[in-house]
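Asker: Here it is, the structure, as structure tokens.
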Amino acid sequence: MHDQQQEHSEQERTAPEAEPAVRPLDGFTVGVTAARRAEELGALLERRGAQVMHAPALRIVPLPDDTELLDVTRDLIDQAPDVVVATTAIGFRGWIEAAEGWGLGEALLDRLAGVELLARGPKVRGAIRAAGLTEKWSPASESMAEVLDRLLAEGVSGRRVALQLHGEPLPGFVEALRDGGAEVVGVPVYRWMPPEDIGPVDRLLDAVVSRALDAVTFTSAPAAASLLRRAGERGVREEVLAALRQEVLSVCVGPVTALPLQAEEIPTLQPERFRLGPLVQLLCRELPGRVRTLPVAGRQLEIRGHAVVVDGVLRPVPPAGMALLRALARRPGWVVSRAELLRALPGSGTDEHAVETAMARLRGALGAPKLIQTVVKRGYRLSLDPHADTDKYSGE
């Protein structure tokens, strides 16, 4: 019995370690444009395997330094509004905290306690209650459109409506209220400004243009608008738009955030619930779903952004190798000449020997040299399985 136990333990020690499971975002690179909660979003993405490129497209002006908010707060204390619409939890909390710093906290809370207070969603409702106040109503959809519908149904003629802005103006909302006869007072609780260091934004734009990113995430409309504005300043606006309209996926936390992108005919995706968690879950479905699996030399080959999955095992591949592999995968099974592969290599010059060097490294990275076949005096081809439907995998 003792000998059997010893033999079993030796087998356990010598057994090969199981390959770690491929995570949903392994092999993909995702840009994060958020200024607020960027670390949280980045951590959620990295936990699922993504490489993350941080590039805050905006910064938030500290509340106590914002004299416009101070002036509006004094005005609302002096002349009571009929309705106050609170749109974000961080904005509402920040308003109360800023007022307290100016010595106006108690007066503002007293004023808000006597008005019709509407909360856009549950987080805002929580912030209102934490301040000792009670909201009159909150929409189930967390939609500003539903808030607007309620106000217009009640009638706003002659009423004073204070609207806590959440980083960007809401022109359609404001215009509809004014057309209904309301006096609208915007409360700019925090203000977006360009980042102090523009370098990360420029690097992200370069990565978009070169298709080094698989997706870019947006959590505010001002960040999306700021990124496009910076692209224009650098003279790469059209190149950025072309990439975002085709290869690079734009994922927004909600429909308001998506508006500046949609205005430029950039397709966007948004989760059903406007939260960071569902946004990451959406990416976990969409990015792997955009990758086709090729049956090559008896194996399953999945080409991701900066890595390849071979039979369920993640294989990191250097950039030159990925460039070659993508060129081969555009016409799997067809011979691609050395000259064409040389053109696909980044910064390779005119020496076709660079193709041979990069190809040797690619084969080594894949761990299965037979995936790519050398065709003497012609070039290289992916060894697509003979019974595969070549039309299905053709990039034509």
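Here's how to read the names in the structure tokens: chain A, B, ... by the order shown, residue numbers from 1 in each chain, ligand numbers from 1 in the order shown.
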Where does DSSP see strand (DSSP E or B) in segment 150-347 of chain A, if you list the residues as a ChimeraX atom specification?

Answerer: /A:160-165,183-188,192-193,215-218,249-252,268-269,293-296,299-303,307-310,313-316,336-337

Asker: Would you kindly return, as an MDAnalysis selection string, each protein, DNA or RNA residue with an atom no farther than 10 Å from any atom of Leu269 of chain A, considering only C-alpha atoms and excluding same-chain residues fewer than 5 positions away?

Answerer: chainID A and resid 217 249:255 258 279 282:283 286

Asker: In Å, with one decimal, what is the gap from atom CA of Thr33 of chain A to atom CA of Ser226 of chain A?

Answerer: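 We find that atom CA of Thr33 of chain A and atom CA of Ser226 of chain A lie 9.7 Å from each other.
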
Asker: Rounded to one decimal in Å, what is the spacing between atom CA of Leu204 of chain A and atom CA of Ala320 of chain A?

Answerer: 19.9 Å

Asker: Just want the 9 Å neighbourhood of Arg160 of chain A, counted on only C-alpha atoms, with same-chain residues fewer than 2 positions away dropped. Output as a PyMOL selection string.

Answerer: chain A and resi 80-84+156-158+162+182-185

Asker: For Leu241 of chain A, find every residue with an atom within 9 Å (counting only C-alpha atoms), except residues of its own chain fewer than 4 positions away, and show them as a list in words.

Answerer: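 Counting only the stated atoms, we get Val209, Leu228, Val236, Arg237, Arg245, Gln246, Glu264, Glu265 and Ile266 of chain A.
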
Asker: Under the rule that only C-alpha atoms are counted, which of A:Val32, A:Ala327, A:Val376, A:Val317 is the nearest residue to Gly364 of chain A?

Answerer: A:Val317

Asker: Near Val61 of chain A, counting only C-alpha atoms, which residues have an atom at most 7 Å away, once you skip same-chain residues fewer than 6 positions from it, shown as a PyMOL selection string?

Answerer: chain A and resi 190-193

Asker: Let's have the selection written as a CSV table (one decimal), in the first residue's frame, with N, CA and C atoms.

Answerer:
chain,number,residue,atom,x,y,z
A,190,TYR,N,-19.2,70.0,-11.6
A,190,TYR,CA,-17.7,69.8,-11.9
A,190,TYR,C,-17.5,70.0,-13.4
A,191,ARG,N,-16.4,70.5,-13.7
A,191,ARG,CA,-16.1,70.9,-15.0
A,191,ARG,C,-15.0,70.1,-15.6
A,192,TRP,N,-15.1,69.7,-16.9
A,192,TRP,CA,-14.1,69.0,-17.6
A,192,TRP,C,-13.1,70.0,-18.2
A,193,MET,N,-11.8,69.7,-18.1
A,193,MET,CA,-10.8,70.5,-18.8
A,193,MET,C,-9.8,69.5,-19.5

Asker: Give me the residues within 10 Å of Arg74 of chain A as a PyMOL selection string, counting only C-alpha atoms and dropping any in the same chain fewer than 2 places off.

Answerer: chain A and resi 69-72+76-79+99+104+107-108

Asker: Would you output that residue set with N, CA, C and O atoms, as a compact mmCIF listing (two decimals), in the first residue's frame?

Answerer:
# COMPACT_ATOMS: atom_id res chain seq x y z
N LEU A 69 -19.86 77.81 -9.95
CA LEU A 69 -20.73 77.01 -9.08
C LEU A 69 -21.10 77.81 -7.82
O LEU A 69 -22.25 77.77 -7.36
N LEU A 70 -20.15 78.54 -7.28
CA LEU A 70 -20.43 79.37 -6.09
C LEU A 70 -21.51 80.39 -6.40
O LEU A 70 -22.46 80.57 -5.62
N ASP A 71 -21.40 81.06 -7.55
CA ASP A 71 -22.40 82.08 -7.91
C ASP A 71 -23.79 81.46 -8.08
O ASP A 71 -24.79 82.03 -7.61
N VAL A 72 -23.85 80.29 -8.74
CA VAL A 72 -25.15 79.64 -8.96
C VAL A 72 -25.74 79.19 -7.63
O VAL A 72 -26.96 79.32 -7.39
N LEU A 76 -29.42 80.27 -6.14
CA LEU A 76 -30.50 79.34 -5.82
C LEU A 76 -30.93 79.45 -4.36
O LEU A 76 -32.11 79.25 -4.04
N ILE A 77 -29.99 79.78 -3.48
CA ILE A 77 -30.35 79.99 -2.07
C ILE A 77 -31.20 81.25 -1.93
O ILE A 77 -32.20 81.28 -1.20
N ASP A 78 -30.83 82.28 -2.69
CA ASP A 78 -31.57 83.55 -2.60
C ASP A 78 -32.93 83.47 -3.29
O ASP A 78 -33.91 84.05 -2.81
N GLN A 79 -32.96 82.78 -4.40
CA GLN A 79 -34.21 82.70 -5.19
C GLN A 79 -34.51 81.22 -5.44
O GLN A 79 -33.92 80.59 -6.30
N ALA A 99 -20.43 73.51 -1.09
CA ALA A 99 -21.22 74.52 -0.37
C ALA A 99 -20.79 74.58 1.11
O ALA A 99 -20.70 75.67 1.69
N LEU A 104 -21.88 77.59 3.08
CA LEU A 104 -23.27 77.69 2.59
C LEU A 104 -24.00 76.34 2.66
O LEU A 104 -25.11 76.21 2.16
N ALA A 107 -27.49 76.31 4.46
CA ALA A 107 -28.48 77.08 3.70
C ALA A 107 -28.91 76.33 2.44
O ALA A 107 -30.09 76.32 2.07
N LEU A 108 -27.96 75.66 1.78
CA LEU A 108 -28.30 74.92 0.56
C LEU A 108 -29.20 73.73 0.89
O LEU A 108 -30.20 73.48 0.21

Asker: State, in Å with one decimal place, the distance from atom CA of Phe173 of chain A to atom CA of Asp110 of chain A.

Answerer: 26.7 Å

Asker: According to DSSP computed on the backbone, where in segment 81-296 of chain A is there alpha helix (DSSP H)? Give the residues as JSON, numbers by chain.

Answerer: {"A": [89, 90, 91, 92, 93, 94, 95, 96, 97, 98, 99, 100, 101, 105, 106, 107, 108, 109, 110, 111, 112, 113, 122, 123, 124, 125, 126, 127, 128, 129, 130, 144, 145, 146, 147, 148, 149, 150, 151, 152, 153, 154, 171, 172, 173, 174, 175, 176, 177, 178, 179, 199, 200, 201, 202, 203, 204, 205, 206, 207, 208, 209, 221, 222, 223, 224, 225, 226, 227, 228, 229, 230, 231, 232, 233, 237, 238, 239, 240, 241, 242, 243, 244, 245, 255, 256, 257, 258, 259, 260, 261, 262, 276, 277, 278, 279, 280, 281, 282, 283, 284, 285, 286, 287, 288, 289]}

Asker: Find the residues near segment 146-149 of chain A: any atom within 10 Å, counting only C-alpha atoms, skip ones fewer than 4 places away on the same chain, and give them as a ChimeraX atom specification.

Answerer: /A:85,87,118-120,137-142,153-155,172-174,176-177
